[in-house]
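Each remark here refers to the structure printed beneath this line.
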Amino acid sequence: MKTISIAVSQWPSLAFAVPYHVAMEKGYFEDEGINIEEVIAGSGGGTTVRSVLAGDLAFGEVATSALVESQDAGSTLVAVGGGSQQVGEVVWVAPQNSSLESIEDLAGKNVGYTNPGSVTESALAIALDRAGVDASTLEQRATGGVSEGLTAMEGGAVDATIHSDPLYAAQDDKYKLLWRSTDYITNYQQTIIVTSPTLVEEDPELVTSFLTARARALEFMETNPEESAKIWSEKGEVPLDAAQQTMKSLLEVEQWNVGFNPDGLATAQEGMRAAGLLEGNEAIDWSTYINQDFLPEGIERVELP
């Protein structure tokens, strides 16, 4: 049995955490000879990247943009699996008494996203572009996390901001839904599972075993959504009805994956360009970041965009 620690974005309550909750609860990691000693609540960015490179964590699930930025800065992380291939949990809200009704009403308004370079910044930029809204007609502000953005909105600093299921599903009577990211974005490789080149070289079997356990969890979630939502509710301290509602909606849009989504990678690149993280027509050579050799049997190896 190999004992490891991992980092998962927004552990333990948000959607990124669900496959790991299920895999641990059903014993899939143990079946693969893995003991998860600790799960760190990652932010999806630089802290996780540094911890994986230092060997403090065996695996981390990070924002795709964070992987690209880290390697551009000289790191040598290896992306070995997909995490979330949609942004189905990301919604945009306004106060219930707001005059705003949709994304088209944002001209002249202040809109919050989480942090510069984040998926939420990119998702906002893509949605504005695809909805035909001129981004120059509104002000976009980084507010920090979801709760910080809601606090800023309640204080009048922004007119609309990001929210995230299942937290939104548990508070949908408190805020007005303006749009869901999936109204405008059908594929987005939001997160990627990374490890260090040292682990890839010294223990490739561990990489495949880890991804196999996660793949088994996704299969269970597909066929047992009610039980999976219950596990999520108990382990993530999420209201059961919100977990059930969110599980249903995220399975419908195929939120989670183990392999990679070429269309999702292309949209991630579009989002990074829209958010100013890529210059002009600069294109990402995904083969320099992604290694599909460790994907479990039955998971398709795709042609990278």
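By convention in this document, the chains of the structure tokens carry letters A, B, ... by their order, each chain's residues are numbered from 1, and ligands are numbered from 1 in the order they are shown.
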Residues within 10 Å of range 124-135 of chain A, only C-alpha atoms, excluding chain neighbours under 2 positions, as a PDB file with N, CA and C atoms, in the first residue's frame:
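The resulting around.pdb:
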ATOM      1  N   VAL A  90     -20.432  26.770 -12.620  1.00  0.00           N
ATOM      2  CA  VAL A  90     -20.205  28.215 -12.527  1.00  0.00           C
ATOM      3  C   VAL A  90     -21.419  28.978 -13.050  1.00  0.00           C
ATOM      4  N   VAL A  91     -22.011  29.797 -12.184  1.00  0.00           N
ATOM      5  CA  VAL A  91     -23.159  30.616 -12.559  1.00  0.00           C
ATOM      6  C   VAL A  91     -22.866  32.067 -12.205  1.00  0.00           C
ATOM      7  N   TRP A  92     -23.667  32.971 -12.771  1.00  0.00           N
ATOM      8  CA  TRP A  92     -23.496  34.402 -12.525  1.00  0.00           C
ATOM      9  C   TRP A  92     -24.801  34.955 -11.991  1.00  0.00           C
ATOM     10  N   ILE A 103     -27.158  38.422 -19.229  1.00  0.00           N
ATOM     11  CA  ILE A 103     -25.828  38.916 -19.561  1.00  0.00           C
ATOM     12  C   ILE A 103     -25.899  40.137 -20.465  1.00  0.00           C
ATOM     13  N   GLU A 104     -26.953  40.245 -21.266  1.00  0.00           N
ATOM     14  CA  GLU A 104     -27.084  41.376 -22.184  1.00  0.00           C
ATOM     15  C   GLU A 104     -27.289  42.700 -21.470  1.00  0.00           C
ATOM     16  N   ASP A 105     -27.634  42.664 -20.182  1.00  0.00           N
ATOM     17  CA  ASP A 105     -27.923  43.884 -19.427  1.00  0.00           C
ATOM     18  C   ASP A 105     -26.702  44.455 -18.709  1.00  0.00           C
ATOM     19  N   LEU A 106     -25.509  43.905 -18.968  1.00  0.00           N
ATOM     20  CA  LEU A 106     -24.344  44.271 -18.165  1.00  0.00           C
ATOM     21  C   LEU A 106     -23.650  45.563 -18.587  1.00  0.00           C
ATOM     22  N   ALA A 107     -24.004  46.124 -19.728  1.00  0.00           N
ATOM     23  CA  ALA A 107     -23.339  47.349 -20.176  1.00  0.00           C
ATOM     24  C   ALA A 107     -23.450  48.428 -19.102  1.00  0.00           C
ATOM     25  N   GLY A 108     -22.289  49.030 -18.777  1.00  0.00           N
ATOM     26  CA  GLY A 108     -22.257  50.078 -17.771  1.00  0.00           C
ATOM     27  C   GLY A 108     -22.223  49.577 -16.349  1.00  0.00           C
ATOM     28  N   VAL A 111     -18.860  43.894 -12.833  1.00  0.00           N
ATOM     29  CA  VAL A 111     -19.059  42.450 -12.717  1.00  0.00           C
ATOM     30  C   VAL A 111     -17.839  41.825 -12.061  1.00  0.00           C
ATOM     31  N   GLY A 112     -18.072  40.959 -11.091  1.00  0.00           N
ATOM     32  CA  GLY A 112     -16.979  40.318 -10.376  1.00  0.00           C
ATOM     33  C   GLY A 112     -16.666  38.921 -10.888  1.00  0.00           C
ATOM     34  N   TYR A 113     -15.366  38.584 -10.867  1.00  0.00           N
ATOM     35  CA  TYR A 113     -14.911  37.204 -11.056  1.00  0.00           C
ATOM     36  C   TYR A 113     -13.942  36.926  -9.909  1.00  0.00           C
ATOM     37  N   VAL A 119     -10.228  30.530 -14.129  1.00  0.00           N
ATOM     38  CA  VAL A 119     -11.237  30.029 -15.052  1.00  0.00           C
ATOM     39  C   VAL A 119     -12.420  30.987 -15.103  1.00  0.00           C
ATOM     40  N   THR A 120     -12.783  31.581 -13.975  1.00  0.00           N
ATOM     41  CA  THR A 120     -13.945  32.472 -13.973  1.00  0.00           C
ATOM     42  C   THR A 120     -13.695  33.722 -14.804  1.00  0.00           C
ATOM     43  N   GLU A 121     -12.466  34.234 -14.801  1.00  0.00           N
ATOM     44  CA  GLU A 121     -12.159  35.380 -15.650  1.00  0.00           C
ATOM     45  C   GLU A 121     -12.299  34.991 -17.120  1.00  0.00           C
ATOM     46  N   SER A 122     -11.749  33.827 -17.479  1.00  0.00           N
ATOM     47  CA  SER A 122     -11.830  33.366 -18.863  1.00  0.00           C
ATOM     48  C   SER A 122     -13.268  33.065 -19.264  1.00  0.00           C
ATOM     49  N   THR A 137     -17.687  47.903 -22.415  1.00  0.00           N
ATOM     50  CA  THR A 137     -18.799  48.692 -21.890  1.00  0.00           C
ATOM     51  C   THR A 137     -19.104  48.380 -20.429  1.00  0.00           C
ATOM     52  N   LEU A 138     -18.341  47.479 -19.824  1.00  0.00           N
ATOM     53  CA  LEU A 138     -18.540  47.167 -18.410  1.00  0.00           C
ATOM     54  C   LEU A 138     -17.198  47.047 -17.724  1.00  0.00           C
ATOM     55  N   GLU A 139     -17.220  47.084 -16.409  1.00  0.00           N
ATOM     56  CA  GLU A 139     -15.991  46.946 -15.635  1.00  0.00           C
ATOM     57  C   GLU A 139     -15.957  45.569 -14.991  1.00  0.00           C
ATOM     58  N   GLN A 140     -14.849  44.862 -15.193  1.00  0.00           N
ATOM     59  CA  GLN A 140     -14.681  43.531 -14.614  1.00  0.00           C
ATOM     60  C   GLN A 140     -13.691  43.629 -13.450  1.00  0.00           C
ATOM     61  N   THR A 161     -21.936  38.912  -9.950  1.00  0.00           N
ATOM     62  CA  THR A 161     -20.705  38.179  -9.639  1.00  0.00           C
ATOM     63  C   THR A 161     -20.919  36.686  -9.839  1.00  0.00           C
ATOM     64  N   ILE A 162     -19.831  35.956  -9.700  1.00  0.00           N
ATOM     65  CA  ILE A 162     -19.863  34.503  -9.824  1.00  0.00           C
ATOM     66  C   ILE A 162     -20.482  33.859  -8.580  1.00  0.00           C
ATOM     67  N   TRP A 179     -27.088  34.003 -15.763  1.00  0.00           N
ATOM     68  CA  TRP A 179     -26.796  32.973 -16.757  1.00  0.00           C
ATOM     69  C   TRP A 179     -25.909  31.911 -16.143  1.00  0.00           C
ATOM     70  N   ARG A 180     -25.962  30.742 -16.733  1.00  0.00           N
ATOM     71  CA  ARG A 180     -25.029  29.660 -16.420  1.00  0.00           C
ATOM     72  C   ARG A 180     -23.931  29.656 -17.476  1.00  0.00           C
ATOM     73  N   SER A 181     -22.723  29.342 -17.051  1.00  0.00           N
ATOM     74  CA  SER A 181     -21.620  29.326 -18.016  1.00  0.00           C
ATOM     75  C   SER A 181     -21.912  28.396 -19.175  1.00  0.00           C
ATOM     76  N   THR A 182     -22.609  27.284 -18.907  1.00  0.00           N
ATOM     77  CA  THR A 182     -22.909  26.320 -19.967  1.00  0.00           C
ATOM     78  C   THR A 182     -23.936  26.849 -20.966  1.00  0.00           C
ATOM     79  N   ASP A 183     -24.557  28.010 -20.685  1.00  0.00           N
ATOM     80  CA  ASP A 183     -25.419  28.629 -21.690  1.00  0.00           C
ATOM     81  C   ASP A 183     -24.598  29.075 -22.898  1.00  0.00           C
ATOM     82  N   TYR A 184     -23.314  29.347 -22.675  1.00  0.00           N
ATOM     83  CA  TYR A 184     -22.453  29.873 -23.727  1.00  0.00           C
ATOM     84  C   TYR A 184     -21.221  29.000 -23.978  1.00  0.00           C
ATOM     85  N   ILE A 185     -20.888  28.130 -23.049  1.00  0.00           N
ATOM     86  CA  ILE A 185     -19.661  27.336 -23.153  1.00  0.00           C
ATOM     87  C   ILE A 185     -20.027  25.867 -23.008  1.00  0.00           C
ATOM     88  N   THR A 267     -11.145  25.445 -26.107  1.00  0.00           N
ATOM     89  CA  THR A 267     -11.886  26.519 -25.446  1.00  0.00           C
ATOM     90  C   THR A 267     -11.073  27.111 -24.307  1.00  0.00           C
ATOM     91  N   ALA A 268     -10.322  26.281 -23.600  1.00  0.00           N
ATOM     92  CA  ALA A 268      -9.445  26.804 -22.549  1.00  0.00           C
ATOM     93  C   ALA A 268      -8.433  27.776 -23.136  1.00  0.00           C
ATOM     94  N   GLU A 270      -8.912  29.520 -25.870  1.00  0.00           N
ATOM     95  CA  GLU A 270      -9.702  30.707 -26.223  1.00  0.00           C
ATOM     96  C   GLU A 270      -9.917  31.585 -24.985  1.00  0.00           C
ATOM     97  N   GLY A 271     -10.213  30.946 -23.856  1.00  0.00           N
ATOM     98  CA  GLY A 271     -10.437  31.698 -22.632  1.00  0.00           C
ATOM     99  C   GLY A 271      -9.191  32.411 -22.153  1.00  0.00           C
ATOM    100  N   MET A 272      -8.048  31.745 -22.259  1.00  0.00           N
ATOM    101  CA  MET A 272      -6.800  32.377 -21.847  1.00  0.00           C
ATOM    102  C   MET A 272      -6.457  33.555 -22.748  1.00  0.00           C
ATOM    103  N   ARG A 273      -6.764  33.420 -24.036  1.00  0.00           N
ATOM    104  CA  ARG A 273      -6.527  34.531 -24.960  1.00  0.00           C
ATOM    105  C   ARG A 273      -7.476  35.690 -24.650  1.00  0.00           C
ATOM    106  N   ALA A 274      -8.744  35.379 -24.391  1.00  0.00           N
ATOM    107  CA  ALA A 274      -9.729  36.414 -24.104  1.00  0.00           C
ATOM    108  C   ALA A 274      -9.405  37.160 -22.817  1.00  0.00           C
ATOM    109  N   ALA A 275      -8.797  36.440 -21.863  1.00  0.00           N
ATOM    110  CA  ALA A 275      -8.455  37.042 -20.578  1.00  0.00           C
ATOM    111  C   ALA A 275      -7.082  37.713 -20.593  1.00  0.00           C
ATOM    112  N   GLY A 276      -6.412  37.685 -21.760  1.00  0.00           N
ATOM    113  CA  GLY A 276      -5.124  38.350 -21.873  1.00  0.00           C
ATOM    114  C   GLY A 276      -3.944  37.535 -21.394  1.00  0.00           C
TER     115      GLY A 276
END
Can you list, as a short mmCIF file (atom, residue, chain, number, x, y, z; two decimals) with all heavy atoms, in the first residue's frame, every protein, DNA or RNA residue that comes within 10 Å of Val80 in chain A when you count only C-alpha atoms, leaving out same-chain residues fewer than 6 positions away?
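Final output, saved to result_4.cif:
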data_model
loop_
_atom_site.label_atom_id
_atom_site.label_comp_id
_atom_site.auth_asym_id
_atom_site.auth_seq_id
_atom_site.Cartn_x
_atom_site.Cartn_y
_atom_site.Cartn_z
N PHE A 59 -0.17 14.17 -6.36
CA PHE A 59 -1.00 14.65 -7.46
C PHE A 59 -1.73 15.91 -7.04
O PHE A 59 -2.02 16.12 -5.86
CB PHE A 59 -2.05 13.58 -7.86
CG PHE A 59 -1.46 12.27 -8.29
CD1 PHE A 59 -1.31 11.23 -7.38
CD2 PHE A 59 -1.04 12.08 -9.61
CE1 PHE A 59 -0.76 10.02 -7.77
CE2 PHE A 59 -0.49 10.87 -10.00
CZ PHE A 59 -0.35 9.85 -9.09
N ILE A 192 -6.99 20.01 -14.80
CA ILE A 192 -6.14 18.92 -15.27
C ILE A 192 -5.43 18.31 -14.07
O ILE A 192 -5.09 19.02 -13.12
CB ILE A 192 -5.13 19.45 -16.32
CG1 ILE A 192 -5.83 19.65 -17.66
CG2 ILE A 192 -3.94 18.54 -16.49
CD1 ILE A 192 -4.95 20.18 -18.76
N ILE A 193 -5.23 17.02 -14.09
CA ILE A 193 -4.53 16.32 -13.01
C ILE A 193 -3.04 16.28 -13.34
O ILE A 193 -2.65 15.81 -14.42
CB ILE A 193 -5.08 14.91 -12.81
CG1 ILE A 193 -6.57 15.00 -12.40
CG2 ILE A 193 -4.29 14.16 -11.74
CD1 ILE A 193 -7.29 13.68 -12.46
N VAL A 194 -2.23 16.78 -12.41
CA VAL A 194 -0.80 16.89 -12.66
C VAL A 194 0.00 16.12 -11.63
O VAL A 194 -0.46 15.85 -10.51
CB VAL A 194 -0.34 18.37 -12.66
CG1 VAL A 194 -1.04 19.15 -13.76
CG2 VAL A 194 -0.58 19.03 -11.30
N THR A 195 1.21 15.78 -12.01
CA THR A 195 2.17 15.18 -11.09
C THR A 195 3.56 15.66 -11.49
O THR A 195 3.73 16.43 -12.43
CB THR A 195 2.05 13.65 -11.10
OG1 THR A 195 2.85 13.12 -10.03
CG2 THR A 195 2.54 13.05 -12.41
N SER A 196 4.56 15.19 -10.78
CA SER A 196 5.93 15.62 -11.04
C SER A 196 6.61 14.68 -12.02
O SER A 196 6.27 13.49 -12.11
CB SER A 196 6.73 15.66 -9.74
OG SER A 196 6.93 14.34 -9.25
N VAL A 200 6.56 10.36 -12.31
CA VAL A 200 6.30 9.71 -13.60
C VAL A 200 7.42 8.74 -13.94
O VAL A 200 7.19 7.63 -14.42
CB VAL A 200 6.15 10.78 -14.71
CG1 VAL A 200 6.33 10.16 -16.09
CG2 VAL A 200 4.80 11.45 -14.61
N VAL A 207 0.80 6.27 -11.08
CA VAL A 207 0.03 7.26 -11.84
C VAL A 207 -1.20 6.59 -12.46
O VAL A 207 -2.33 7.09 -12.32
CB VAL A 207 0.90 7.89 -12.94
CG1 VAL A 207 0.09 8.92 -13.73
CG2 VAL A 207 2.13 8.55 -12.34
N THR A 208 -0.99 5.47 -13.13
CA THR A 208 -2.12 4.77 -13.75
C THR A 208 -3.10 4.27 -12.69
O THR A 208 -4.32 4.34 -12.89
CB THR A 208 -1.62 3.61 -14.61
OG1 THR A 208 -0.81 4.12 -15.67
CG2 THR A 208 -2.78 2.83 -15.21
N LEU A 211 -5.30 7.17 -11.50
CA LEU A 211 -6.30 7.53 -12.49
C LEU A 211 -7.36 6.44 -12.64
O LEU A 211 -8.53 6.72 -12.91
CB LEU A 211 -5.63 7.81 -13.84
CG LEU A 211 -4.68 9.01 -13.86
CD1 LEU A 211 -3.97 9.08 -15.21
CD2 LEU A 211 -5.42 10.31 -13.58
N VAL A 258 -11.60 11.69 -17.18
CA VAL A 258 -10.29 11.17 -16.80
C VAL A 258 -9.28 11.42 -17.91
O VAL A 258 -8.13 11.75 -17.65
CB VAL A 258 -10.36 9.65 -16.48
CG1 VAL A 258 -8.97 9.11 -16.13
CG2 VAL A 258 -11.32 9.39 -15.34
N GLY A 259 -9.75 11.28 -19.14
CA GLY A 259 -8.92 11.64 -20.28
C GLY A 259 -9.06 13.12 -20.59
O GLY A 259 -9.50 13.91 -19.75
N PHE A 260 -8.70 13.48 -21.80
CA PHE A 260 -8.70 14.89 -22.18
C PHE A 260 -9.74 15.16 -23.26
O PHE A 260 -10.05 14.29 -24.07
CB PHE A 260 -7.30 15.29 -22.67
CG PHE A 260 -6.25 15.16 -21.61
CD1 PHE A 260 -5.52 13.99 -21.48
CD2 PHE A 260 -6.02 16.19 -20.70
CE1 PHE A 260 -4.56 13.85 -20.48
CE2 PHE A 260 -5.06 16.07 -19.71
CZ PHE A 260 -4.33 14.89 -19.59
N TYR A 289 2.68 19.74 -22.63
CA TYR A 289 2.14 19.73 -21.27
C TYR A 289 1.51 18.39 -20.89
O TYR A 289 1.51 18.03 -19.72
CB TYR A 289 1.04 20.81 -21.14
CG TYR A 289 1.48 22.19 -21.47
CD1 TYR A 289 1.34 22.72 -22.75
CD2 TYR A 289 2.04 23.01 -20.50
CE1 TYR A 289 1.74 24.00 -23.06
CE2 TYR A 289 2.45 24.30 -20.79
CZ TYR A 289 2.30 24.79 -22.08
OH TYR A 289 2.71 26.06 -22.36
N ILE A 290 0.98 17.69 -21.87
CA ILE A 290 0.12 16.54 -21.60
C ILE A 290 0.81 15.24 -22.03
O ILE A 290 1.37 15.14 -23.11
CB ILE A 290 -1.22 16.69 -22.36
CG1 ILE A 290 -2.01 17.86 -21.77
CG2 ILE A 290 -2.03 15.41 -22.31
CD1 ILE A 290 -3.26 18.22 -22.56
N ASN A 291 0.73 14.24 -21.14
CA ASN A 291 1.23 12.89 -21.43
C ASN A 291 0.08 11.92 -21.18
O ASN A 291 -0.36 11.75 -20.04
CB ASN A 291 2.42 12.56 -20.52
CG ASN A 291 3.08 11.24 -20.90
OD1 ASN A 291 2.44 10.35 -21.44
ND2 ASN A 291 4.38 11.11 -20.60
N GLN A 292 -0.41 11.29 -22.25
CA GLN A 292 -1.56 10.39 -22.15
C GLN A 292 -1.16 8.93 -21.92
O GLN A 292 -2.01 8.04 -21.90
CB GLN A 292 -2.41 10.49 -23.41
CG GLN A 292 -2.95 11.89 -23.67
CD GLN A 292 -3.85 11.96 -24.89
OE1 GLN A 292 -5.02 11.57 -24.85
NE2 GLN A 292 -3.31 12.45 -26.00
N ASP A 293 0.13 8.67 -21.75
CA ASP A 293 0.61 7.29 -21.64
C ASP A 293 0.10 6.58 -20.39
O ASP A 293 0.12 5.34 -20.34
CB ASP A 293 2.14 7.25 -21.63
CG ASP A 293 2.75 7.67 -22.96
OD1 ASP A 293 2.01 7.72 -23.96
OD2 ASP A 293 3.96 7.95 -22.98
N PHE A 294 -0.34 7.32 -19.39
CA PHE A 294 -0.69 6.70 -18.11
C PHE A 294 -2.19 6.55 -17.91
O PHE A 294 -2.64 6.11 -16.86
CB PHE A 294 -0.09 7.53 -16.97
CG PHE A 294 1.38 7.79 -17.14
CD1 PHE A 294 1.83 9.01 -17.62
CD2 PHE A 294 2.30 6.80 -16.86
CE1 PHE A 294 3.18 9.24 -17.81
CE2 PHE A 294 3.66 7.01 -17.05
CZ PHE A 294 4.09 8.24 -17.52
N LEU A 295 -2.97 6.91 -18.93
CA LEU A 295 -4.41 6.77 -18.81
C LEU A 295 -4.79 5.29 -18.69
O LEU A 295 -4.18 4.43 -19.33
CB LEU A 295 -5.11 7.38 -20.02
CG LEU A 295 -4.99 8.91 -20.16
CD1 LEU A 295 -5.61 9.37 -21.47
CD2 LEU A 295 -5.65 9.60 -18.97
#
| request: Find the residues around Met153 in chain A up to 8 Å (only C-alpha atoms counted), leave out those fewer than 6 positions away in its own chain, and share them as a list in words. | output: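 With the cut-off at 8 Å, the set is Ala94, Pro95, Asp159, Ala160 and Thr161 of chain A.
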Could you write out that same residue set with all heavy atoms as an mmCIF file, in the first residue's frame?
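again.cif, written as the output of this step:
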data_model
loop_
_atom_site.group_PDB
_atom_site.id
_atom_site.type_symbol
_atom_site.label_atom_id
_atom_site.label_comp_id
_atom_site.auth_asym_id
_atom_site.auth_seq_id
_atom_site.Cartn_x
_atom_site.Cartn_y
_atom_site.Cartn_z
ATOM 1 N N ALA A 94 -27.083 38.113 -9.568
ATOM 2 C CA ALA A 94 -27.269 39.493 -9.123
ATOM 3 C C ALA A 94 -28.187 39.455 -7.907
ATOM 4 O O ALA A 94 -28.825 38.430 -7.637
ATOM 5 C CB ALA A 94 -27.883 40.329 -10.237
ATOM 6 N N PRO A 95 -28.284 40.534 -7.152
ATOM 7 C CA PRO A 95 -29.243 40.574 -6.043
ATOM 8 C C PRO A 95 -30.672 40.386 -6.565
ATOM 9 O O PRO A 95 -30.980 40.746 -7.709
ATOM 10 C CB PRO A 95 -29.046 41.972 -5.453
ATOM 11 C CG PRO A 95 -27.663 42.369 -5.863
ATOM 12 C CD PRO A 95 -27.454 41.751 -7.210
ATOM 13 N N ASP A 159 -22.122 44.770 -9.394
ATOM 14 C CA ASP A 159 -23.557 44.597 -9.666
ATOM 15 C C ASP A 159 -23.929 43.139 -9.887
ATOM 16 O O ASP A 159 -25.097 42.764 -9.724
ATOM 17 C CB ASP A 159 -23.944 45.407 -10.905
ATOM 18 C CG ASP A 159 -23.668 46.894 -10.726
ATOM 19 O OD1 ASP A 159 -24.313 47.503 -9.859
ATOM 20 O OD2 ASP A 159 -22.792 47.426 -11.435
ATOM 21 N N ALA A 160 -22.963 42.335 -10.274
ATOM 22 C CA ALA A 160 -23.172 40.910 -10.515
ATOM 23 C C ALA A 160 -21.863 40.199 -10.240
ATOM 24 O O ALA A 160 -20.788 40.805 -10.301
ATOM 25 C CB ALA A 160 -23.627 40.656 -11.948
ATOM 26 N N THR A 161 -21.936 38.912 -9.950
ATOM 27 C CA THR A 161 -20.705 38.179 -9.639
ATOM 28 C C THR A 161 -20.919 36.686 -9.839
ATOM 29 O O THR A 161 -22.042 36.221 -10.092
ATOM 30 C CB THR A 161 -20.241 38.474 -8.207
ATOM 31 O OG1 THR A 161 -18.901 37.991 -8.028
ATOM 32 C CG2 THR A 161 -21.139 37.808 -7.171
#
| field | Distance of CA of Ser84 in chain A from CA of Ser102 in chain A, expressed in Å to one decimal place | value |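 Computing the Euclidean distance for CA of Ser102 in chain A and CA of Ser84 in chain A yields 25.6 Å.
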| said: List the spatial neighbours of Ser51 in chain A as a PyMOL selection string - criterion: any atom at most 10 Å away, only C-alpha atoms, same-chain residues fewer than 5 positions off excluded. | reply: chain A and resi 6-7+46+56-60+195-196
Next, dump the selected residues to file, keeping only N, CA and C atoms, as a PDB file, in the first residue's frame.
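What landed in again.pdb:
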ATOM      1  N   ILE A   6      -2.702  14.450  -1.717  1.00  0.00           N
ATOM      2  CA  ILE A   6      -3.084  15.087  -2.977  1.00  0.00           C
ATOM      3  C   ILE A   6      -3.720  16.444  -2.684  1.00  0.00           C
ATOM      4  N   ALA A   7      -3.839  17.275  -3.713  1.00  0.00           N
ATOM      5  CA  ALA A   7      -4.536  18.553  -3.597  1.00  0.00           C
ATOM      6  C   ALA A   7      -5.695  18.574  -4.579  1.00  0.00           C
ATOM      7  N   GLY A  46      -0.976  28.262  -8.187  1.00  0.00           N
ATOM      8  CA  GLY A  46       0.452  28.194  -7.933  1.00  0.00           C
ATOM      9  C   GLY A  46       0.875  27.406  -6.716  1.00  0.00           C
ATOM     10  N   ASP A  56       5.852  17.252  -2.133  1.00  0.00           N
ATOM     11  CA  ASP A  56       5.000  17.207  -0.939  1.00  0.00           C
ATOM     12  C   ASP A  56       3.655  16.569  -1.252  1.00  0.00           C
ATOM     13  N   LEU A  57       3.231  16.672  -2.489  1.00  0.00           N
ATOM     14  CA  LEU A  57       1.978  16.085  -2.949  1.00  0.00           C
ATOM     15  C   LEU A  57       2.264  15.208  -4.152  1.00  0.00           C
ATOM     16  N   ALA A  58       1.605  14.045  -4.206  1.00  0.00           N
ATOM     17  CA  ALA A  58       1.801  13.164  -5.363  1.00  0.00           C
ATOM     18  C   ALA A  58       1.059  13.678  -6.580  1.00  0.00           C
ATOM     19  N   PHE A  59      -0.165  14.173  -6.358  1.00  0.00           N
ATOM     20  CA  PHE A  59      -1.002  14.646  -7.458  1.00  0.00           C
ATOM     21  C   PHE A  59      -1.734  15.907  -7.035  1.00  0.00           C
ATOM     22  N   GLY A  60      -2.048  16.719  -8.016  1.00  0.00           N
ATOM     23  CA  GLY A  60      -2.877  17.888  -7.786  1.00  0.00           C
ATOM     24  C   GLY A  60      -3.805  18.088  -8.959  1.00  0.00           C
ATOM     25  N   THR A 195       1.211  15.784 -12.012  1.00  0.00           N
ATOM     26  CA  THR A 195       2.172  15.179 -11.092  1.00  0.00           C
ATOM     27  C   THR A 195       3.562  15.661 -11.491  1.00  0.00           C
ATOM     28  N   SER A 196       4.556  15.186 -10.776  1.00  0.00           N
ATOM     29  CA  SER A 196       5.927  15.624 -11.044  1.00  0.00           C
ATOM     30  C   SER A 196       6.607  14.678 -12.022  1.00  0.00           C
TER      31      SER A 196
END
| said: I need the residues in range 126-226 of chain A that are alpha helix (DSSP H) according to DSSP; give them as a PyMOL selection string. | reply: chain A and resi 126-130+146-154+197-202+204-223+225-226
| message | If we count only C-alpha atoms and set the cut-off at 12 Å, which residues sit around Tyr28 in chain A, ignoring sequence neighbours fewer than 2 positions away in its own chain? Please answer as JSON, numbers by chain. | response | {"A": [19, 20, 21, 22, 23, 24, 25, 26, 30, 31, 32, 33, 34, 35, 36, 209, 210, 211, 212, 213, 214, 215, 216, 217, 218, 219, 220]}
| said: For the strand (DSSP E) assignment from backbone DSSP, which residues of range 28-133 of chain A qualify? Please present them as a VMD selection string. | reply: chain A and resid 34 to 42 59 to 63 78 to 82 90 to 95 110 to 113
| field | Among listed residues A:Glu201, A:Gln190, A:Glu89, A:Ile284, nearest Ser118 in chain A (using only C-alpha atoms) | value |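 Checking each candidate against Ser118 in chain A, we get A:Gln190 as the closest.
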| said: For a test of reading the model, state the distance in Å between CA of Pro166 in chain A and CA of Ala79 in chain A, rounded to one decimal. | reply: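 We find that CA of Pro166 in chain A and CA of Ala79 in chain A lie 27.1 Å from each other.
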| remark: Judged by only C-alpha atoms, the minimum distance to Pro204 in chain A among A:Leu240, A:Pro296, A:Lys248, A:Thr114 is found for A:Pro296
| Smallest atom-to-atom distance to His163 in chain A: which of A:Leu14, A:Ala266, A:Leu278, A:Ala283, using only C-alpha atoms? | A:Leu14
| said: Just want the 12 Å neighbourhood of Glu237 in chain A, counted on only C-alpha atoms, with same-chain residues fewer than 2 positions away dropped. Output as a PyMOL selection string. | reply: chain A and resi 11-14+17-18+21+166-167+170+229-235+239-243
